[in-house]
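This is target01.csv. It holds CSV, C-alpha atoms and all ligand atoms.
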chain,number,residue,atom,x,y,z
A,54,MET,CA,2.0,110.8,49.9
A,55,LYS,CA,0.7,113.8,51.7
A,56,ARG,CA,-3.1,114.4,51.4
A,57,ILE,CA,-4.0,118.0,50.7
A,58,ILE,CA,-6.9,120.2,49.9
A,59,ILE,CA,-6.1,123.3,47.8
A,60,ASP,CA,-8.3,126.3,48.6
A,61,CYS,CA,-7.8,128.7,45.7
A,62,ASP,CA,-9.2,131.5,43.5
A,63,PRO,CA,-7.8,130.6,40.0
A,64,GLY,CA,-6.3,132.9,38.9
A,65,ILE,CA,-3.2,132.6,36.6
A,66,ASP,CA,-0.7,131.8,39.4
A,67,ASP,CA,-3.3,129.6,41.2
A,68,SER,CA,-3.5,127.5,38.0
A,69,LEU,CA,0.3,127.1,38.0
A,70,ALA,CA,0.1,126.0,41.6
A,71,LEU,CA,-2.5,123.4,40.8
A,72,ILE,CA,-0.4,122.1,37.9
A,73,LEU,CA,2.6,121.8,40.2
A,74,ALA,CA,0.6,120.0,42.9
A,75,LEU,CA,-1.0,117.6,40.5
A,76,LYS,CA,2.4,116.8,39.0
A,77,SER,CA,4.1,116.2,42.3
A,78,PRO,CA,4.3,112.6,43.3
A,79,GLU,CA,4.6,113.6,47.0
A,80,LEU,CA,1.1,115.1,47.0
A,81,ASP,CA,-2.4,113.5,46.9
A,82,VAL,CA,-4.8,116.4,46.0
A,83,ILE,CA,-8.0,115.0,47.5
A,84,GLY,CA,-10.1,118.1,46.7
A,85,ILE,CA,-10.1,121.6,45.5
A,86,THR,CA,-12.2,124.3,47.2
A,87,ILE,CA,-12.8,127.6,45.5
A,88,CYS,CA,-12.9,130.9,47.3
A,89,ALA,CA,-13.8,134.3,45.8
A,90,GLY,CA,-10.8,136.5,45.1
A,91,ASN,CA,-9.1,137.0,41.8
A,92,VAL,CA,-12.5,136.1,40.2
A,93,PRO,CA,-16.0,135.3,41.4
A,94,VAL,CA,-16.3,131.6,42.5
A,95,GLU,CA,-18.2,130.4,39.4
A,96,ILE,CA,-15.2,131.5,37.2
A,97,GLY,CA,-12.7,130.1,39.6
A,98,GLY,CA,-14.4,126.8,39.6
A,99,VAL,CA,-14.3,126.7,35.8
A,100,ASN,CA,-10.6,127.5,35.8
A,101,ALA,CA,-9.8,124.7,38.3
A,102,TYR,CA,-11.7,122.3,36.1
A,103,ARG,CA,-9.6,123.5,33.1
A,104,VAL,CA,-6.5,122.5,34.9
A,105,LEU,CA,-7.9,119.1,36.0
A,106,LYS,CA,-8.9,118.5,32.4
A,107,LEU,CA,-5.5,119.5,31.1
A,108,LEU,CA,-3.9,117.0,33.4
A,109,LYS,CA,-6.6,114.4,33.0
A,110,ARG,CA,-7.5,114.5,36.7
A,111,GLU,CA,-11.2,115.2,36.5
A,112,ASP,CA,-11.6,112.6,39.2
A,113,ILE,CA,-10.7,115.3,41.8
A,114,PRO,CA,-13.7,117.0,43.2
A,115,ILE,CA,-14.1,120.8,43.0
A,116,TYR,CA,-16.4,122.6,45.5
A,117,VAL,CA,-17.1,126.3,45.3
A,118,GLY,CA,-17.7,128.6,48.3
A,119,ASP,CA,-19.6,131.9,48.7
A,120,ASN,CA,-18.9,134.9,46.6
A,121,ASN,CA,-18.6,137.4,49.4
A,122,PRO,CA,-15.9,137.9,51.9
A,123,ILE,CA,-17.1,137.4,55.5
A,124,LYS,CA,-18.0,141.0,56.2
A,125,ARG,CA,-17.6,143.0,53.0
A,126,ASP,CA,-18.1,143.0,49.3
A,127,LEU,CA,-15.8,141.2,46.9
A,128,VAL,CA,-13.2,143.1,45.0
A,129,THR,CA,-11.7,140.9,42.2
A,130,ALA,CA,-8.3,141.2,40.5
A,131,GLN,CA,-9.5,140.7,36.9
A,132,ASP,CA,-7.3,143.6,35.9
A,133,THR,CA,-4.4,141.4,36.8
A,134,HIS,CA,-5.7,138.0,35.7
A,135,GLY,CA,-8.1,138.8,32.9
A,136,ASP,CA,-11.9,138.8,32.8
A,137,ASP,CA,-11.9,135.0,32.7
A,138,GLY,CA,-9.2,134.8,35.4
A,139,VAL,CA,-6.7,133.0,33.2
A,140,GLY,CA,-5.5,135.7,30.8
A,141,ASP,CA,-8.5,135.7,28.4
A,142,VAL,CA,-6.8,133.4,25.8
A,143,LEU,CA,-8.3,130.0,26.4
A,144,PRO,CA,-11.2,128.5,24.4
A,145,GLU,CA,-14.4,127.9,26.2
A,146,VAL,CA,-14.6,124.7,28.1
A,147,ILE,CA,-17.7,122.5,28.6
A,148,ILE,CA,-18.2,121.6,32.2
A,149,PRO,CA,-19.9,118.2,32.7
A,150,LYS,CA,-22.8,118.2,35.1
A,151,ASP,CA,-21.6,117.8,38.8
A,152,ALA,CA,-18.0,118.5,37.9
A,153,ILE,CA,-18.2,121.7,40.1
A,154,LYS,CA,-20.3,121.3,43.2
A,155,LEU,CA,-21.5,123.8,45.8
A,156,GLY,CA,-20.6,123.5,49.4
A,157,ALA,CA,-16.8,124.2,49.9
A,158,VAL,CA,-17.3,124.9,53.6
A,159,ASP,CA,-19.3,121.7,54.2
A,160,TYR,CA,-16.6,119.8,52.3
A,161,LEU,CA,-13.8,121.3,54.4
A,162,ILE,CA,-15.6,120.6,57.6
A,163,LYS,CA,-16.5,117.0,56.7
A,164,THR,CA,-13.1,116.1,55.4
A,165,LEU,CA,-11.2,117.5,58.3
A,166,LYS,CA,-13.6,115.8,60.8
A,167,GLU,CA,-13.2,112.5,59.1
A,168,ASN,CA,-9.4,112.6,58.7
A,169,GLU,CA,-6.4,113.5,60.7
A,170,ASP,CA,-3.8,113.6,58.0
A,171,VAL,CA,-5.2,116.3,55.7
A,172,SER,CA,-3.3,119.5,55.1
A,173,ILE,CA,-4.6,122.7,53.5
A,174,ILE,CA,-2.8,124.9,51.1
A,175,ALA,CA,-4.6,128.2,50.9
A,176,LEU,CA,-3.9,130.4,47.8
A,177,GLY,CA,-6.6,133.0,48.0
A,178,PRO,CA,-8.6,135.0,50.5
A,179,MET,CA,-9.4,133.0,53.7
A,180,THR,CA,-13.2,133.2,53.4
A,181,ASN,CA,-13.9,129.5,53.1
A,182,LEU,CA,-11.6,128.6,56.1
A,183,ALA,CA,-13.1,131.3,58.3
A,184,LYS,CA,-16.6,130.2,57.5
A,185,ALA,CA,-15.6,126.7,58.4
A,186,VAL,CA,-14.4,128.1,61.8
A,187,GLU,CA,-17.6,130.0,62.3
A,188,ARG,CA,-19.5,126.8,62.1
A,189,GLU,CA,-17.0,124.5,63.9
A,190,LYS,CA,-14.7,126.5,66.0
A,191,GLU,CA,-12.1,123.7,66.4
A,192,ILE,CA,-12.1,122.5,62.9
A,193,LEU,CA,-8.8,123.9,61.6
A,194,LYS,CA,-7.0,122.4,64.5
A,195,ARG,CA,-7.6,119.1,62.8
A,196,ALA,CA,-5.5,120.0,59.8
A,197,GLU,CA,-2.1,118.5,59.7
A,198,ARG,CA,-0.5,121.7,58.2
A,199,ILE,CA,-1.9,124.9,56.9
A,200,VAL,CA,0.2,126.8,54.3
A,201,SER,CA,-1.1,130.2,53.2
A,202,MET,CA,0.0,132.6,50.5
A,203,GLY,CA,-0.7,136.0,51.7
A,204,GLY,CA,0.4,139.1,53.6
A,205,ALA,CA,3.5,141.2,53.4
A,206,PHE,CA,6.2,141.6,56.1
A,207,ARG,CA,9.0,144.0,55.1
A,208,THR,CA,8.0,144.6,51.5
A,209,ASN,CA,5.3,146.9,50.2
A,210,GLY,CA,1.9,145.6,49.4
A,211,ASN,CA,0.4,145.0,46.0
A,212,CYS,CA,-3.0,146.5,46.8
A,213,SER,CA,-1.9,149.5,48.8
A,214,GLN,CA,1.4,150.6,50.3
A,215,VAL,CA,1.1,147.9,52.9
A,216,ALA,CA,-1.5,145.3,51.9
A,217,GLU,CA,-1.3,142.1,49.9
A,218,PHE,CA,-4.3,141.1,47.8
A,219,ASN,CA,-5.5,137.8,49.5
A,220,TYR,CA,-5.5,139.3,53.0
A,221,TRP,CA,-6.7,142.8,51.8
A,222,VAL,CA,-9.8,141.2,50.2
A,223,ASP,CA,-11.0,139.6,53.4
A,224,PRO,CA,-9.0,140.7,56.5
A,225,GLU,CA,-11.7,139.6,59.0
A,226,SER,CA,-11.4,136.1,57.7
A,227,VAL,CA,-7.6,136.2,58.2
A,228,ASN,CA,-8.0,137.1,61.9
A,229,ILE,CA,-10.7,134.4,62.4
A,230,VAL,CA,-8.4,131.8,61.0
A,231,PHE,CA,-5.2,132.9,62.7
A,232,GLU,CA,-7.0,133.1,66.1
A,233,ASN,CA,-8.3,129.6,65.7
A,234,VAL,CA,-5.4,127.4,65.0
A,235,ASP,CA,-3.3,125.4,67.4
A,236,LYS,CA,-0.2,125.2,65.2
A,237,PRO,CA,1.4,128.1,63.4
A,238,ILE,CA,0.2,128.7,59.9
A,239,GLU,CA,3.1,128.5,57.5
A,240,LEU,CA,3.0,131.8,55.6
A,241,ILE,CA,4.4,132.5,52.1
A,242,PRO,CA,4.1,136.3,52.0
A,243,LEU,CA,4.9,138.7,49.1
A,244,ASP,CA,8.5,139.1,50.5
A,245,VAL,CA,9.3,135.7,49.1
A,246,THR,CA,6.9,135.4,46.2
A,247,ARG,CA,8.2,138.6,44.7
A,248,LYS,CA,11.4,136.8,44.0
A,249,ILE,CA,9.6,134.1,42.0
A,250,VAL,CA,9.7,135.8,38.6
A,251,LEU,CA,8.8,133.8,35.5
A,252,THR,CA,11.4,135.6,33.3
A,253,PRO,CA,11.2,136.0,29.5
A,254,ASN,CA,13.9,133.2,29.4
A,255,TYR,CA,11.7,130.8,31.3
A,256,ARG,CA,8.8,131.6,29.0
A,257,GLU,CA,10.9,131.1,25.9
A,258,TYR,CA,11.9,127.7,27.3
A,259,LEU,CA,8.2,126.9,27.8
A,260,LYS,CA,7.5,128.0,24.2
A,261,GLN,CA,10.2,125.8,22.8
A,262,MET,CA,9.0,122.7,24.6
A,263,LYS,CA,5.9,122.4,22.3
A,264,ASN,CA,3.8,120.4,24.7
A,265,GLU,CA,0.3,121.0,25.9
A,266,ILE,CA,1.1,121.9,29.5
A,267,ALA,CA,4.0,124.2,28.5
A,268,ASP,CA,1.7,126.0,26.0
A,269,PHE,CA,-1.0,126.4,28.6
A,270,ILE,CA,1.4,128.0,31.0
A,271,TYR,CA,3.0,130.2,28.3
A,272,ASN,CA,-0.4,131.3,27.0
A,273,ILE,CA,-2.1,132.2,30.3
A,274,THR,CA,0.9,134.0,31.7
A,275,GLY,CA,0.9,136.5,28.7
A,276,PHE,CA,-1.7,138.7,30.4
A,277,TYR,CA,0.3,138.7,33.6
A,278,VAL,CA,3.4,139.8,31.7
A,279,ASP,CA,1.6,142.7,30.1
A,280,PHE,CA,0.2,143.7,33.4
A,281,HIS,CA,3.6,143.8,35.0
A,282,TRP,CA,5.0,145.8,32.1
A,283,MET,CA,2.1,148.3,32.3
A,284,GLN,CA,2.3,148.7,36.1
A,285,GLU,CA,6.0,148.7,36.8
A,286,ARG,CA,7.9,148.4,33.5
A,287,THR,CA,9.4,145.1,34.5
A,288,LEU,CA,9.8,142.0,32.3
A,289,GLY,CA,8.3,138.6,33.0
A,290,CYS,CA,5.8,138.1,35.8
A,291,VAL,CA,5.7,137.2,39.5
A,292,ILE,CA,4.1,133.9,40.1
A,293,ASN,CA,3.1,133.8,43.8
A,294,ASP,CA,1.0,130.7,44.5
A,295,PRO,CA,3.2,127.9,43.2
A,296,LEU,CA,5.8,128.8,45.8
A,297,ALA,CA,3.3,127.8,48.5
A,298,VAL,CA,3.0,124.3,46.9
A,299,ALA,CA,6.7,124.0,46.4
A,300,TYR,CA,7.4,125.1,50.0
A,301,PHE,CA,4.8,122.5,51.3
A,302,ILE,CA,6.8,119.8,49.5
A,303,GLU,CA,10.2,121.1,50.3
A,304,PRO,CA,10.2,123.5,53.3
A,305,SER,CA,14.0,124.0,53.0
A,306,LEU,CA,13.3,126.2,50.0
A,307,CYS,CA,12.4,129.0,52.4
A,308,SER,CA,13.4,130.2,55.8
A,309,GLY,CA,11.7,132.5,58.3
A,310,VAL,CA,10.7,133.2,61.8
A,311,LEU,CA,8.0,132.0,64.3
A,312,THR,CA,5.9,134.9,65.5
A,313,HIS,CA,2.4,136.4,65.9
A,314,LEU,CA,0.3,137.8,63.1
A,315,GLU,CA,-2.9,139.8,63.0
A,316,CYS,CA,-4.5,141.7,60.1
A,317,VAL,CA,-5.7,145.3,60.0
A,318,GLU,CA,-9.4,145.3,59.4
A,319,ASN,CA,-10.2,149.0,58.9
A,320,GLY,CA,-8.7,152.3,57.8
A,321,ARG,CA,-6.0,153.1,55.2
A,322,ALA,CA,-3.8,150.2,56.3
A,323,ILE,CA,-6.6,147.6,55.8
A,324,GLY,CA,-5.2,144.2,55.0
A,325,GLN,CA,-1.8,145.0,56.4
A,326,THR,CA,-0.2,142.1,58.3
A,327,LEU,CA,1.1,143.2,61.7
A,328,ILE,CA,3.9,140.9,62.6
A,329,ASP,CA,5.0,141.0,66.2
A,330,ILE,CA,8.6,140.1,65.6
A,331,GLY,CA,9.7,142.1,68.7
A,332,ASP,CA,7.3,140.0,70.8
A,333,PHE,CA,5.7,143.2,72.3
A,334,TYR,CA,2.4,141.5,73.2
A,335,ARG,CA,3.8,138.1,74.3
A,336,LYS,CA,1.2,136.3,72.3
A,337,THR,CA,1.5,132.6,71.4
A,338,PRO,CA,3.0,132.4,67.9
A,339,ASN,CA,0.4,131.6,65.3
A,340,VAL,CA,2.5,132.0,62.2
A,341,PHE,CA,5.8,130.8,60.8
A,342,ILE,CA,6.5,133.6,58.3
A,343,ASN,CA,8.9,132.8,55.5
A,344,THR,CA,11.2,135.7,54.8
A,345,GLU,CA,13.8,134.2,52.5
A,346,VAL,CA,13.6,131.9,49.5
A,347,ASP,CA,16.0,130.1,47.2
A,348,GLU,CA,14.4,131.1,43.9
A,349,LYS,CA,16.8,129.1,41.8
A,350,ARG,CA,15.9,125.9,43.6
A,351,PHE,CA,12.2,126.8,43.3
A,352,PHE,CA,12.4,126.9,39.5
A,353,GLU,CA,14.4,123.7,39.4
A,354,LEU,CA,11.7,122.0,41.5
A,355,PHE,CA,8.9,123.5,39.4
A,356,PHE,CA,10.3,122.5,36.0
A,357,HIS,CA,11.5,119.1,37.1
A,358,ARG,CA,8.1,118.1,38.4
A,359,VAL,CA,5.9,119.7,35.8
A,360,PHE,CA,8.2,118.5,32.9
A,361,PRO,CA,10.0,115.4,34.2
A,362,GLU,CA,10.6,114.3,30.6
A,363,ASN,CA,13.0,117.3,30.2
A,364,LYS,CA,15.0,116.5,33.4
A,365,LYS,CA,18.6,116.4,32.5
B,401,LIG,C1,-2.1,136.8,45.5
B,401,LIG,O1,-3.2,137.5,45.0
B,401,LIG,C2,-3.6,136.9,43.8
B,401,LIG,O2,-3.9,137.8,42.8
B,401,LIG,C3,-2.7,135.8,43.4
B,401,LIG,O3,-3.4,134.7,42.9
B,401,LIG,C4,-2.0,135.5,44.7
B,401,LIG,O4,-2.7,134.4,45.4
B,401,LIG,C5,-0.8,137.6,45.4
B,401,LIG,O5,-1.0,138.8,46.2
B,402,CA,CA,-4.5,133.1,44.4
Give the structure from this file in structure tokens form.
Ligand code: BDR
Ligand code: CA
Amino acid sequence: MKRIIIDCDPGIDDSLALILALKSPELDVIGITICAGNVPVEIGGVNAYRVLKLLKREDIPIYVGDNNPIKRDLVTAQDTHGDDGVGDVLPEVIIPKDAIKLGAVDYLIKTLKENEDVSIIALGPMTNLAKAVEREKEILKRAERIVSMGGAFRTNGNCSQVAEFNYWVDPESVNIVFENVDKPIELIPLDVTRKIVLTPNYREYLKQMKNEIADFIYNITGFYVDFHWMQERTLGCVINDPLAVAYFIEPSLCSGVLTHLECVENGRAIGQTLIDIGDFYRKTPNVFINTEVDEKRFFELFFHRVFPENKK
């Protein structure tokens, strides 16, 4: 079993990623850290707890980080995920005392210091990871692997012509993190996640299953579906974050290239990921950017793990 910390901003697709991770026998989710992104951290913490409760895994600790990106104010994505971050359809949940703790950055530092076999799957802005580096420069070098959902390579952005949300929210943190790793970060950019469409057929399948997890997924993705229809007149919804978890388990789902990444911090292209695929600057590679994905195999993996009882 691989020990992982999931750093996330739940978020509809973050919630699906958490479900996939918790239902995957290959993974031992030792902690969840919450960054600000789709929603402020207090809301993200509640949503992570909702998933733990759904899967009866309230034993996993949740730590929230700070609400502001490292050098700027937070811009959330509640237009995409709902005011409550999970589609505004779930009943209120009672959070037991101490189920959500402060100190995401402390937790990351302490856990990485004490262990050599912990990996990080980062599904939101990189604020918590960058703050950990600011306090302990070498800390991310202790992670076994770092997989991050963020950025865009050859596709257009989802916040501007060129910028993807996670990296657009806190570009300075992206640079701090990428400059302070000693192994390439394994990147799942929009180029591959855009192919992960939860189609009306898949949603109908979920509806027919009539079980609690399927209903949860069906219900929270409704808001996302409406958003996609309003924005681009497409059916279904793109679910970005679970691909990062699936890829962590099964890297052969994707393929890509080893190169160097930096993030634009100012101006109209803020948040754009500059990928030096031509090796103009002869910099040590700090990213393995995935550019292709087998989406059919992703959905097989997702449904088989989340609903093993339906596996034919
Ligand atoms: C990313 O932004 C968020 O809205 C999603 O949760 C995902 O992590 C996609 O750009
Ligand atoms: Ca996310």
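Interatomic distance, CA of Ile241 in chain A to CA of Thr180 in chain A: 17.7 Å.
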Can you pull out every residue within 12 Å of Glu353 in chain A, counting only C-alpha atoms, but drop anything in the same chain fewer than 3 positions away, and send it as a VMD selection string?
-> chain A and resid 73 249 255 296 299 303 306 347 to 350 356 to 361 363 to 365
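For Thr133 in chain A, the set of protein, DNA and RNA residues having any atom at most 12 Å away, when counting all atoms listed in the file and skipping those fewer than 5 positions along the same chain, is Pro63, Gly64, Ile65, Asp66, Gly90, Asn91, Val92, Gly138, Val139, Gly140, Asp141, Asn211, Cys212, Phe218, Ile273, Thr274, Gly275, Phe276, Tyr277, Val278, Asp279, Phe280, His281, Trp282, Met283, Gln284, Cys290, Val291 and Ile292 of chain A.
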Now that the selection is made, can you save its residues with C-alpha atoms as a PDB file, keeping the file's coordinate frame?
ATOM      1  CA  PRO A  63      -7.800 130.600  40.000  1.00  0.00           C
ATOM      2  CA  GLY A  64      -6.300 132.900  38.900  1.00  0.00           C
ATOM      3  CA  ILE A  65      -3.200 132.600  36.600  1.00  0.00           C
ATOM      4  CA  ASP A  66      -0.700 131.800  39.400  1.00  0.00           C
ATOM      5  CA  GLY A  90     -10.800 136.500  45.100  1.00  0.00           C
ATOM      6  CA  ASN A  91      -9.100 137.000  41.800  1.00  0.00           C
ATOM      7  CA  VAL A  92     -12.500 136.100  40.200  1.00  0.00           C
ATOM      8  CA  GLY A 138      -9.200 134.800  35.400  1.00  0.00           C
ATOM      9  CA  VAL A 139      -6.700 133.000  33.200  1.00  0.00           C
ATOM     10  CA  GLY A 140      -5.500 135.700  30.800  1.00  0.00           C
ATOM     11  CA  ASP A 141      -8.500 135.700  28.400  1.00  0.00           C
ATOM     12  CA  ASN A 211       0.400 145.000  46.000  1.00  0.00           C
ATOM     13  CA  CYS A 212      -3.000 146.500  46.800  1.00  0.00           C
ATOM     14  CA  PHE A 218      -4.300 141.100  47.800  1.00  0.00           C
ATOM     15  CA  ILE A 273      -2.100 132.200  30.300  1.00  0.00           C
ATOM     16  CA  THR A 274       0.900 134.000  31.700  1.00  0.00           C
ATOM     17  CA  GLY A 275       0.900 136.500  28.700  1.00  0.00           C
ATOM     18  CA  PHE A 276      -1.700 138.700  30.400  1.00  0.00           C
ATOM     19  CA  TYR A 277       0.300 138.700  33.600  1.00  0.00           C
ATOM     20  CA  VAL A 278       3.400 139.800  31.700  1.00  0.00           C
ATOM     21  CA  ASP A 279       1.600 142.700  30.100  1.00  0.00           C
ATOM     22  CA  PHE A 280       0.200 143.700  33.400  1.00  0.00           C
ATOM     23  CA  HIS A 281       3.600 143.800  35.000  1.00  0.00           C
ATOM     24  CA  TRP A 282       5.000 145.800  32.100  1.00  0.00           C
ATOM     25  CA  MET A 283       2.100 148.300  32.300  1.00  0.00           C
ATOM     26  CA  GLN A 284       2.300 148.700  36.100  1.00  0.00           C
ATOM     27  CA  CYS A 290       5.800 138.100  35.800  1.00  0.00           C
ATOM     28  CA  VAL A 291       5.700 137.200  39.500  1.00  0.00           C
ATOM     29  CA  ILE A 292       4.100 133.900  40.100  1.00  0.00           C
TER      30      ILE A 292
END
All residues within 12 Å of ligand CA 402 (chain B) are required, counting only C-alpha atoms and all ligand atoms; please report them as an MDAnalysis selection string.
-> chainID A and resid 59:71 87:92 97 100:101 129:131 133:134 138:139 174:179 201:203 217:220 222 241:243 246 292:298
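For the point (1.0, 138.3, 62.9), the residues with at least one atom inside 10 Å, counting all atoms listed in the file, are Gly204, Phe206, Asn228, Phe231, Leu240, Leu311, Thr312, His313, Leu314, Glu315, Cys316, Gln325, Thr326, Leu327, Ile328, Asp329, Ile330, Lys336, Pro338, Asn339, Val340, Phe341 and Ile342 of chain A.
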Mind pulling up the distance from CA of Val171 in chain A to CA of Leu75 in chain A?
-> 15.8 Å
Which one of A:Ala205, A:Leu80, A:Ile153, A:Val104 sits closest to ligand LIG 401 (chain B) if you count only C-alpha atoms and all ligand atoms?
-> A:Ala205
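Ranking A:Glu145, A:Asp112, A:Glu345, A:Asp136 by their shortest atom-to-atom distance to Lys248 in chain A, with only C-alpha atoms included, puts A:Glu345 first.
Nearest to Asp159 in chain A of all the residues A:Pro93, A:Glu111, A:Thr86, A:Asn120 is A:Thr86, based on only C-alpha atoms.
With only C-alpha atoms as the atoms that count, the residue of A:Glu232, A:Glu318, A:Glu362, A:Glu257 with the shortest distance to Thr337 in chain A is A:Glu232.
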note - CA of Ala196 in chain A and CA of Ser172 in chain A are separated by 5.2 Å
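Each of A:Phe301, A:Trp221, A:Tyr271, A:Phe355 was compared to ligand LIG 401 (chain B) using only C-alpha atoms and all ligand atoms, and A:Trp221 turns out to be the nearest.
For the residues A:Leu259, A:Val146, A:Leu155, A:Val215, ranking by smallest atom-to-atom distance to ligand LIG 401 (chain B) using all atoms listed in the file places A:Val215 first.
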I want to know what sits within 7 Å of Ile83 in chain A, based on all atoms listed in the file, with residues of the same chain fewer than 6 positions away left out; could you give that as a compact mmCIF listing (two decimals) with C-alpha atoms, in the coordinates of the input?
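part.txt was written with the following content:
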# COMPACT_ATOMS: atom_id res chain seq x y z
CA ARG A 56 -3.10 114.40 51.40
CA ILE A 57 -4.00 118.00 50.70
CA ILE A 58 -6.90 120.20 49.90
CA ILE A 113 -10.70 115.30 41.80
Rebuild N, CA and C atoms on range 101-122 of chain A, as a PDB file, in the frame of the given file?
ATOM      1  N   ALA A 101     -10.378 125.930  37.692  1.00  0.00           N
ATOM      2  CA  ALA A 101      -9.800 124.700  38.300  1.00  0.00           C
ATOM      3  C   ALA A 101     -10.116 123.513  37.467  1.00  0.00           C
ATOM      4  N   TYR A 102     -11.325 123.474  36.920  1.00  0.00           N
ATOM      5  CA  TYR A 102     -11.700 122.300  36.100  1.00  0.00           C
ATOM      6  C   TYR A 102     -10.794 122.308  34.805  1.00  0.00           C
ATOM      7  N   ARG A 103     -10.484 123.488  34.247  1.00  0.00           N
ATOM      8  CA  ARG A 103      -9.600 123.500  33.100  1.00  0.00           C
ATOM      9  C   ARG A 103      -8.278 122.810  33.360  1.00  0.00           C
ATOM     10  N   VAL A 104      -7.742 123.080  34.573  1.00  0.00           N
ATOM     11  CA  VAL A 104      -6.500 122.500  34.900  1.00  0.00           C
ATOM     12  C   VAL A 104      -6.626 120.949  35.100  1.00  0.00           C
ATOM     13  N   LEU A 105      -7.702 120.544  35.764  1.00  0.00           N
ATOM     14  CA  LEU A 105      -7.900 119.100  36.000  1.00  0.00           C
ATOM     15  C   LEU A 105      -8.045 118.407  34.598  1.00  0.00           C
ATOM     16  N   LYS A 106      -8.728 119.064  33.689  1.00  0.00           N
ATOM     17  CA  LYS A 106      -8.900 118.500  32.400  1.00  0.00           C
ATOM     18  C   LYS A 106      -7.561 118.374  31.624  1.00  0.00           C
ATOM     19  N   LEU A 107      -6.794 119.444  31.710  1.00  0.00           N
ATOM     20  CA  LEU A 107      -5.500 119.500  31.100  1.00  0.00           C
ATOM     21  C   LEU A 107      -4.623 118.297  31.558  1.00  0.00           C
ATOM     22  N   LEU A 108      -4.713 118.023  32.862  1.00  0.00           N
ATOM     23  CA  LEU A 108      -3.900 117.000  33.400  1.00  0.00           C
ATOM     24  C   LEU A 108      -4.608 115.639  33.563  1.00  0.00           C
ATOM     25  N   LYS A 109      -5.779 115.584  32.969  1.00  0.00           N
ATOM     26  CA  LYS A 109      -6.600 114.400  33.000  1.00  0.00           C
ATOM     27  C   LYS A 109      -6.828 113.859  34.414  1.00  0.00           C
ATOM     28  N   ARG A 110      -7.178 114.817  35.288  1.00  0.00           N
ATOM     29  CA  ARG A 110      -7.500 114.500  36.700  1.00  0.00           C
ATOM     30  C   ARG A 110      -8.855 114.935  37.094  1.00  0.00           C
ATOM     31  N   GLU A 111      -9.799 114.737  36.170  1.00  0.00           N
ATOM     32  CA  GLU A 111     -11.200 115.200  36.500  1.00  0.00           C
ATOM     33  C   GLU A 111     -11.807 114.387  37.592  1.00  0.00           C
ATOM     34  N   ASP A 112     -11.094 113.379  38.098  1.00  0.00           N
ATOM     35  CA  ASP A 112     -11.600 112.600  39.200  1.00  0.00           C
ATOM     36  C   ASP A 112     -11.570 113.447  40.544  1.00  0.00           C
ATOM     37  N   ILE A 113     -10.794 114.503  40.576  1.00  0.00           N
ATOM     38  CA  ILE A 113     -10.700 115.300  41.800  1.00  0.00           C
ATOM     39  C   ILE A 113     -11.873 116.226  41.944  1.00  0.00           C
ATOM     40  N   PRO A 114     -12.555 116.210  43.096  1.00  0.00           N
ATOM     41  CA  PRO A 114     -13.700 117.000  43.200  1.00  0.00           C
ATOM     42  C   PRO A 114     -13.403 118.535  43.411  1.00  0.00           C
ATOM     43  N   ILE A 115     -14.260 119.367  42.836  1.00  0.00           N
ATOM     44  CA  ILE A 115     -14.100 120.800  43.000  1.00  0.00           C
ATOM     45  C   ILE A 115     -15.412 121.304  43.718  1.00  0.00           C
ATOM     46  N   TYR A 116     -15.221 122.056  44.791  1.00  0.00           N
ATOM     47  CA  TYR A 116     -16.400 122.600  45.500  1.00  0.00           C
ATOM     48  C   TYR A 116     -16.199 124.138  45.588  1.00  0.00           C
ATOM     49  N   VAL A 117     -17.256 124.865  45.243  1.00  0.00           N
ATOM     50  CA  VAL A 117     -17.100 126.300  45.300  1.00  0.00           C
ATOM     51  C   VAL A 117     -17.760 126.844  46.631  1.00  0.00           C
ATOM     52  N   GLY A 118     -17.194 127.932  47.103  1.00  0.00           N
ATOM     53  CA  GLY A 118     -17.700 128.600  48.300  1.00  0.00           C
ATOM     54  C   GLY A 118     -18.588 129.769  47.969  1.00  0.00           C
ATOM     55  N   ASP A 119     -18.749 130.676  48.940  1.00  0.00           N
ATOM     56  CA  ASP A 119     -19.600 131.900  48.700  1.00  0.00           C
ATOM     57  C   ASP A 119     -18.816 132.946  47.996  1.00  0.00           C
ATOM     58  N   ASN A 120     -19.600 133.845  47.389  1.00  0.00           N
ATOM     59  CA  ASN A 120     -18.900 134.900  46.600  1.00  0.00           C
ATOM     60  C   ASN A 120     -18.515 136.106  47.407  1.00  0.00           C
ATOM     61  N   ASN A 121     -18.986 136.209  48.642  1.00  0.00           N
ATOM     62  CA  ASN A 121     -18.600 137.400  49.400  1.00  0.00           C
ATOM     63  C   ASN A 121     -17.688 137.112  50.539  1.00  0.00           C
ATOM     64  N   PRO A 122     -16.709 137.977  50.727  1.00  0.00           N
ATOM     65  CA  PRO A 122     -15.900 137.900  51.900  1.00  0.00           C
ATOM     66  C   PRO A 122     -16.820 137.943  53.167  1.00  0.00           C
TER      67      PRO A 122
END
